[in-house]
Structure formats: structure tokens, C-alpha cells
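Dropping input.txt in here (compact mmCIF, C-alpha atoms):
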```txt
# COMPACT_ATOMS: atom_id res chain seq x y z
CA MET A 24 71.77 49.03 71.12
CA ILE A 25 75.30 48.61 72.50
CA LYS A 26 76.68 50.68 69.62
CA ASP A 27 74.19 53.46 70.34
CA TRP A 28 75.10 53.39 74.04
CA HIS A 29 78.81 53.71 73.21
CA THR A 30 78.08 56.63 70.88
CA THR A 31 76.03 58.42 73.55
CA PHE A 32 78.70 57.80 76.18
CA ALA A 33 81.41 59.12 73.87
CA CYS A 34 79.38 62.29 73.21
CA LEU A 35 78.88 62.83 76.94
CA LEU A 36 82.60 62.47 77.54
CA VAL A 37 83.36 65.03 74.83
CA ILE A 38 80.84 67.49 76.33
CA LEU A 39 82.15 66.93 79.85
CA PHE A 40 85.78 67.30 78.80
CA GLY A 41 85.04 70.37 76.72
CA GLY A 42 83.08 71.95 79.56
CA THR A 43 85.93 71.30 81.99
CA LEU A 44 88.43 72.93 79.63
CA PHE A 45 86.11 75.91 79.17
CA TYR A 46 85.65 76.27 82.93
CA PHE A 47 89.37 76.42 83.65
CA GLY A 48 90.16 78.34 80.47
CA THR A 49 87.69 81.08 81.35
CA ASP A 50 88.61 81.41 85.01
CA GLY A 51 85.57 79.48 86.25
CA PHE A 52 83.18 80.80 83.56
CA GLN A 53 83.82 84.33 84.83
CA ALA A 54 86.26 85.38 82.11
CA PHE A 55 84.93 84.97 78.60
CA THR A 56 87.68 87.07 77.03
CA ALA A 57 91.37 87.65 77.66
CA GLU A 58 90.56 91.21 78.75
CA THR A 59 88.13 90.01 81.41
CA ALA A 60 90.71 87.54 82.71
CA ARG A 61 93.29 90.34 82.80
CA VAL A 62 90.95 92.59 84.78
CA ASN A 63 90.07 89.81 87.21
CA LYS A 64 93.76 89.15 87.83
CA LEU A 65 94.43 92.86 88.44
CA ILE A 66 91.64 93.05 91.00
CA ASP A 67 92.95 89.93 92.72
CA ASP A 68 96.59 91.10 92.71
CA LYS A 69 95.81 94.68 93.84
CA PRO A 70 99.09 96.24 92.60
CA GLN A 71 100.49 99.32 94.26
CA PHE A 72 100.68 102.54 92.26
CA PRO A 73 104.45 102.75 91.59
CA HIS A 74 106.66 105.71 92.36
CA VAL A 75 106.36 107.99 89.35
CA THR A 76 106.49 111.75 88.88
CA LEU A 77 103.32 113.23 87.43
CA GLU A 78 103.37 116.58 85.64
CA ASP A 79 99.89 118.03 85.33
CA SER A 80 98.33 120.60 83.03
CA LYS A 81 99.38 123.38 85.40
CA GLY A 82 103.04 122.30 85.19
CA ARG A 83 103.05 121.00 88.78
CA ASN A 84 105.13 117.93 89.63
CA TYR A 85 104.22 115.39 92.30
CA SER A 86 103.80 111.69 93.04
CA ILE A 87 100.63 109.78 93.83
CA SER A 88 101.24 110.68 97.50
CA GLU A 89 99.79 114.08 96.55
CA PHE A 90 96.43 112.35 96.95
CA LYS A 91 97.18 110.27 100.05
CA GLY A 92 94.05 109.76 102.12
CA LYS A 93 91.81 110.06 99.05
CA TYR A 94 90.51 107.67 96.45
CA VAL A 95 91.84 108.32 92.94
CA PHE A 96 89.68 107.52 89.90
CA ILE A 97 91.96 107.12 86.88
CA THR A 98 91.90 106.84 83.10
CA PHE A 99 94.77 106.41 80.64
CA LEU A 100 94.70 108.29 77.31
CA TYR A 101 96.53 110.31 74.71
CA THR A 102 95.10 113.56 73.42
CA SER A 103 95.74 112.86 69.71
CA CYS A 104 93.44 109.83 69.91
CA MET A 105 90.43 110.16 67.63
CA SER A 106 88.72 106.91 68.59
CA VAL A 107 88.11 105.67 72.13
CA CYS A 108 89.81 108.39 74.22
CA PRO A 109 87.26 111.18 73.68
CA GLN A 110 84.47 108.79 74.67
CA LEU A 111 86.51 107.56 77.63
CA GLU A 112 86.96 111.10 78.94
CA MET A 113 83.35 112.04 78.20
CA ASN A 114 82.28 109.06 80.28
CA MET A 115 84.75 110.10 82.98
CA SER A 116 82.96 113.46 82.99
CA LYS A 117 79.60 111.72 83.39
CA VAL A 118 80.83 109.75 86.39
CA TYR A 119 82.34 112.92 87.88
CA GLY A 120 78.97 114.65 87.55
CA LYS A 121 77.12 111.84 89.30
CA ILE A 122 79.27 111.79 92.45
CA PRO A 123 77.85 113.87 95.35
CA SER A 124 79.76 117.14 95.37
CA LYS A 125 80.61 116.82 99.08
CA TYR A 126 83.01 113.99 98.24
CA ILE A 127 84.73 115.62 95.26
CA GLY A 128 88.18 116.86 96.20
CA GLU A 129 87.72 115.85 99.83
CA ASP A 130 87.47 112.07 99.57
CA ILE A 131 88.06 111.40 95.88
CA VAL A 132 89.94 113.01 93.00
CA PHE A 133 89.87 112.20 89.29
CA LEU A 134 93.07 111.79 87.30
CA SER A 135 93.57 111.29 83.55
CA ILE A 136 97.10 110.14 82.69
CA SER A 137 98.59 110.50 79.20
CA PHE A 138 100.87 107.76 77.90
CA ASP A 139 102.07 110.09 75.10
CA PRO A 140 104.28 112.49 77.08
CA ASP A 141 106.23 113.80 74.07
CA ARG A 142 103.13 115.42 72.56
CA ASP A 143 100.98 115.82 75.67
CA ASP A 144 102.85 118.61 77.40
CA PRO A 145 101.15 120.73 80.07
CA ALA A 146 99.82 123.26 77.53
CA THR A 147 98.24 120.49 75.44
CA LEU A 148 96.71 118.87 78.51
CA GLU A 149 95.45 122.25 79.72
CA LYS A 150 93.56 122.78 76.47
CA TYR A 151 92.34 119.18 76.32
CA ARG A 152 90.85 119.20 79.82
CA THR A 153 88.50 122.06 78.90
CA TYR A 154 86.75 119.84 76.36
CA PHE A 155 85.47 117.67 79.21
CA ASN A 156 84.90 120.27 81.95
CA SER A 157 87.86 119.07 83.99
CA ASP A 158 88.66 121.78 86.54
CA GLY A 159 92.37 120.94 86.71
CA GLU A 160 92.17 120.46 90.49
CA THR A 161 89.65 117.85 91.60
CA TRP A 162 89.98 116.33 88.13
CA ARG A 163 93.51 116.66 86.82
CA MET A 164 95.18 115.66 83.59
CA ALA A 165 98.85 114.75 83.73
CA ARG A 166 101.72 113.05 81.95
CA ILE A 167 104.70 111.00 83.13
CA LYS A 168 107.79 112.30 81.33
CA ASN A 169 110.16 109.54 82.44
CA LYS A 170 109.64 106.59 80.08
CA ALA A 171 110.83 103.95 82.55
CA GLU A 172 108.41 105.28 85.18
CA LEU A 173 105.58 105.41 82.66
CA ASP A 174 106.25 101.85 81.53
CA SER A 175 106.30 100.62 85.13
CA LEU A 176 102.86 102.12 85.79
CA LEU A 177 101.36 100.76 82.58
CA LYS A 178 102.77 97.32 83.38
CA GLU A 179 101.53 97.31 86.99
CA PHE A 180 98.02 98.35 85.95
CA GLY A 181 97.85 96.08 82.91
CA VAL A 182 97.47 98.94 80.45
CA ILE A 183 98.41 97.71 76.98
CA VAL A 184 99.76 100.45 74.69
CA ILE A 185 101.03 99.55 71.22
CA PRO A 186 102.34 102.37 68.98
CA ASP A 187 101.87 102.25 65.22
CA ASP A 188 103.76 103.96 62.37
CA SER A 189 101.33 106.89 62.28
CA GLY A 190 101.92 108.20 65.78
CA ASN A 191 98.80 106.56 67.14
CA PHE A 192 98.37 103.81 69.73
CA SER A 193 96.26 100.72 70.08
CA HIS A 194 95.30 100.43 73.73
CA ASN A 195 92.77 99.03 76.15
CA SER A 196 90.54 101.35 78.17
CA ALA A 197 88.89 101.20 81.57
CA PHE A 198 88.23 103.11 84.78
CA TYR A 199 90.79 102.37 87.52
CA LEU A 200 90.10 103.04 91.20
CA VAL A 201 93.05 103.46 93.56
CA ASP A 202 92.37 103.42 97.30
CA LYS A 203 93.56 105.89 99.94
CA ASP A 204 96.88 104.07 100.30
CA GLY A 205 97.70 103.97 96.59
CA THR A 206 96.57 100.38 95.95
CA LEU A 207 94.50 99.45 92.91
CA MET A 208 91.20 98.24 94.29
CA ASN A 209 88.94 98.02 91.24
CA VAL A 210 88.82 98.16 87.45
CA MET A 211 85.51 99.15 85.89
CA ASP A 212 83.96 99.14 82.43
CA TYR A 213 84.24 102.70 81.12
CA LYS A 214 81.04 102.26 79.09
CA LYS A 215 78.94 101.65 82.21
CA THR A 216 78.95 105.11 83.75
CA ASP A 217 75.91 104.64 86.00
CA GLU A 218 77.34 101.42 87.40
CA ALA A 219 80.73 103.05 88.04
CA ALA A 220 79.15 106.11 89.69
CA ASN A 221 76.93 103.97 91.93
CA LYS A 222 79.89 101.81 92.93
CA LEU A 223 82.02 104.84 93.75
CA THR A 224 79.24 106.53 95.71
CA GLY A 225 78.70 103.37 97.73
CA ILE A 226 82.40 103.17 98.59
CA LEU A 227 82.48 106.84 99.58
CA GLU A 228 79.35 106.56 101.70
CA ARG A 229 80.72 103.54 103.53
CA GLY A 230 83.96 105.39 104.13
CA ALA A 231 82.09 108.36 105.56
CA GLY A 232 80.28 106.10 108.01
CA GLU A 233 83.45 104.55 109.42
```
Starting from the file, give its structure as C-alpha cells.
Amino acid sequence: MIKDWHTTFACLLVILFGGTLFYFGTDGFQAFTAETARVNKLIDDKPQFPHVTLEDSKGRNYSISEFKGKYVFITFLYTSCMSVCPQLEMNMSKVYGKIPSKYIGEDIVFLSISFDPDRDDPATLEKYRTYFNSDGETWRMARIKNKAELDSLLKEFGVIVIPDDSGNFSHNSAFYLVDKDGTLMNVMDYKKTDEAANKLTGILERGAGE
């Protein structure tokens, strides 16, 4: 009987200790993967969009202050990608189509940023945007030519980009929402377009009522 009690007690200790480790290791059960933990940290830290020079598909150059006073909904991509990027931009298009038109361009703009500036010049971006019905104005596609500036943005927003020997990149993908002052306020699952659109619409409606 005593032996059985000791065995039961030992099992309970193992379960309790393991559960405690899992709790702290998963950010209070909220982060079941490293990616989720990364996203949670980004949302908590709310990094500022760094000073970079964007060059869009029209050849125009500007900083994020071009959109001051507006929300900016962002993706990161490269046009030679044959895996996740086309789906990412297609889903961006779906979100764009679900936002009430009165907010588009006035209160929110969409921005797709290439992390492959050597190949994604304005002409390439101009052609690429037509595949997803980007108008080049309220939804722009751009590159950052300066590598140091590009790296600073990717680092601040937790975008992991790993080149391979074939000219491709392994990278994570998400929707990023920057507020009217250039601060990252949310990171959303790019596969959940309805959820992202509803969240954006709610933010825009609340902003209109202030």
C-alpha cells in the first residue's frame, strides 16, 4: 500500500512538473509553436516601422510617412516564389475585397514588400501586381533597394528570410497591420482571410466613430 502511494505521488509530481514546464515554455499555454511565440512577442513589443526608402511598381520613392494617418496592411514576398507567396497575395486580395470601399485609400492602404530587390525591380512588381488585381495606389507593391534598410525592417517585424543556393528563400508569412503612427499593432494568420477582414473592419469602424 505504501509502495503504491509512493508510486502515485511520484507520477503526480512528474505530471505537475511537466505541466509547469509546458506552461512557461509555451508562454502560458498560448504559444504552442515557436512561430506563435514570435508573433505574440511582436504584438507585445509593438515595434516601429523603421526609416526605409520604398520604391514601388511605379518607380516612386518614399518612406512609410507617405501613409501617415492611415493604417497600412502589409505582406512580405518575392515574386519568383512558387510556393506560399502567390497564395499569400491571393489572400491579401480577398481581404482587400472584403473591406468596405469607403475606407480603402482613405483610412487604410495595402502594401506588399519584396525582400528580393535585385530581381523585383519596378517593372517586375508592376507586372506581378496585375495578377492579384492590385491597383498600384491603394494597394501598392514595393521593394527596399538598400540592404541594410531592408534587413532592419525584416528584423524589427520578425520576418525570417533564408536564401538557398537556387535563388529562392525560405520565409515565414503573415499579415502585418501598422497603425496610423507607423507602429506594428497586429500580426494575423494569412490563411484566415475572413477573420483578418472582420478584424480590420472593426478597427476602421471604431476609428470612424472617434
Restrict the calculation to all atoms listed in the file, then for each residue of range 96-160 of chain A with any atom at most 10 Å from an atom of range 186-208 of chain A give the closest atom pair and their distance in Å to one decimal, rows by chain and rising residue number, as JSON lines.
```
{"residue": "A:Phe96", "atom": "CA", "partner": "A:Leu200", "partner_atom": "CA", "distance": 4.7}
{"residue": "A:Ile97", "atom": "CA", "partner": "A:Tyr199", "partner_atom": "CA", "distance": 4.9}
{"residue": "A:Thr98", "atom": "CA", "partner": "A:Phe198", "partner_atom": "CA", "distance": 5.5}
{"residue": "A:Phe99", "atom": "CA", "partner": "A:Ser196", "partner_atom": "CA", "distance": 7.0}
{"residue": "A:Leu100", "atom": "CA", "partner": "A:Ser196", "partner_atom": "CA", "distance": 8.1}
{"residue": "A:Tyr101", "atom": "CA", "partner": "A:Phe192", "partner_atom": "CA", "distance": 8.4}
{"residue": "A:Ser103", "atom": "CA", "partner": "A:Asn191", "partner_atom": "CA", "distance": 7.5}
{"residue": "A:Cys104", "atom": "CA", "partner": "A:Asn191", "partner_atom": "CA", "distance": 6.9}
{"residue": "A:Met105", "atom": "CA", "partner": "A:Asn191", "partner_atom": "CA", "distance": 9.1}
{"residue": "A:Ser106", "atom": "CA", "partner": "A:Ser193", "partner_atom": "CA", "distance": 9.9}
{"residue": "A:Val107", "atom": "CA", "partner": "A:Ser196", "partner_atom": "CA", "distance": 7.8}
{"residue": "A:Cys108", "atom": "CA", "partner": "A:Ser196", "partner_atom": "CA", "distance": 8.1}
{"residue": "A:Leu111", "atom": "CA", "partner": "A:Ser196", "partner_atom": "CA", "distance": 7.4}
{"residue": "A:Glu112", "atom": "CA", "partner": "A:Phe198", "partner_atom": "CA", "distance": 10.0}
{"residue": "A:Asn114", "atom": "CA", "partner": "A:Phe198", "partner_atom": "CA", "distance": 9.5}
{"residue": "A:Met115", "atom": "CA", "partner": "A:Phe198", "partner_atom": "CA", "distance": 8.0}
{"residue": "A:Asp130", "atom": "CA", "partner": "A:Lys203", "partner_atom": "CA", "distance": 8.7}
{"residue": "A:Ile131", "atom": "CA", "partner": "A:Lys203", "partner_atom": "CA", "distance": 8.8}
{"residue": "A:Phe133", "atom": "CA", "partner": "A:Leu200", "partner_atom": "CA", "distance": 9.4}
{"residue": "A:Leu134", "atom": "CA", "partner": "A:Tyr199", "partner_atom": "CA", "distance": 9.7}
{"residue": "A:Ser135", "atom": "CA", "partner": "A:Phe198", "partner_atom": "CA", "distance": 9.8}
{"residue": "A:Phe138", "atom": "CA", "partner": "A:Phe192", "partner_atom": "CA", "distance": 9.4}
{"residue": "A:Asp139", "atom": "CA", "partner": "A:Phe192", "partner_atom": "CA", "distance": 9.1}
{"residue": "A:Arg142", "atom": "CA", "partner": "A:Gly190", "partner_atom": "CA", "distance": 10.0}
```
Let me see the file: selected residues, C-alpha atoms, as a PDB file, in the frame of the given file.
```pdb
ATOM      1  CA  PHE A  96      89.680 107.520  89.900  1.00  0.00           C
ATOM      2  CA  ILE A  97      91.960 107.120  86.880  1.00  0.00           C
ATOM      3  CA  THR A  98      91.900 106.840  83.100  1.00  0.00           C
ATOM      4  CA  PHE A  99      94.770 106.410  80.640  1.00  0.00           C
ATOM      5  CA  LEU A 100      94.700 108.290  77.310  1.00  0.00           C
ATOM      6  CA  TYR A 101      96.530 110.310  74.710  1.00  0.00           C
ATOM      7  CA  SER A 103      95.740 112.860  69.710  1.00  0.00           C
ATOM      8  CA  CYS A 104      93.440 109.830  69.910  1.00  0.00           C
ATOM      9  CA  MET A 105      90.430 110.160  67.630  1.00  0.00           C
ATOM     10  CA  SER A 106      88.720 106.910  68.590  1.00  0.00           C
ATOM     11  CA  VAL A 107      88.110 105.670  72.130  1.00  0.00           C
ATOM     12  CA  CYS A 108      89.810 108.390  74.220  1.00  0.00           C
ATOM     13  CA  LEU A 111      86.510 107.560  77.630  1.00  0.00           C
ATOM     14  CA  GLU A 112      86.960 111.100  78.940  1.00  0.00           C
ATOM     15  CA  ASN A 114      82.280 109.060  80.280  1.00  0.00           C
ATOM     16  CA  MET A 115      84.750 110.100  82.980  1.00  0.00           C
ATOM     17  CA  ASP A 130      87.470 112.070  99.570  1.00  0.00           C
ATOM     18  CA  ILE A 131      88.060 111.400  95.880  1.00  0.00           C
ATOM     19  CA  PHE A 133      89.870 112.200  89.290  1.00  0.00           C
ATOM     20  CA  LEU A 134      93.070 111.790  87.300  1.00  0.00           C
ATOM     21  CA  SER A 135      93.570 111.290  83.550  1.00  0.00           C
ATOM     22  CA  PHE A 138     100.870 107.760  77.900  1.00  0.00           C
ATOM     23  CA  ASP A 139     102.070 110.090  75.100  1.00  0.00           C
ATOM     24  CA  ARG A 142     103.130 115.420  72.560  1.00  0.00           C
TER      25      ARG A 142
END
```
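Candidate residues A:Lys170, A:Arg163, A:Tyr154, A:Asn209 were compared for distance to Gln110 in chain A, and the nearest is A:Tyr154, using all atoms listed in the file.
The gap separating CA of Pro140 in chain A from CA of Thr216 in chain A is 27.2 Å, in Å to one decimal.
Pairwise distance (CA of Glu78 in chain A, CA of Gly128 in chain A) equals 18.5 Å.
If you look at CA of Ile226 in chain A and CA of Lys117 in chain A, they are 17.7 Å away from each other.
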Problem set entry | Selection: 12 Å around Lys168 in chain A, only C-alpha atoms, excl. self and same-chain fewer than 5 positions, as an NGL selection string | :A and (75-79 or 82 or 84-85 or 136-145 or 173-174)
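If all atoms listed in the file are the atoms counted, then among A:Tyr119, A:Trp162, A:Tyr126, A:Phe72 the closest residue to Gly230 in chain A is A:Tyr126.
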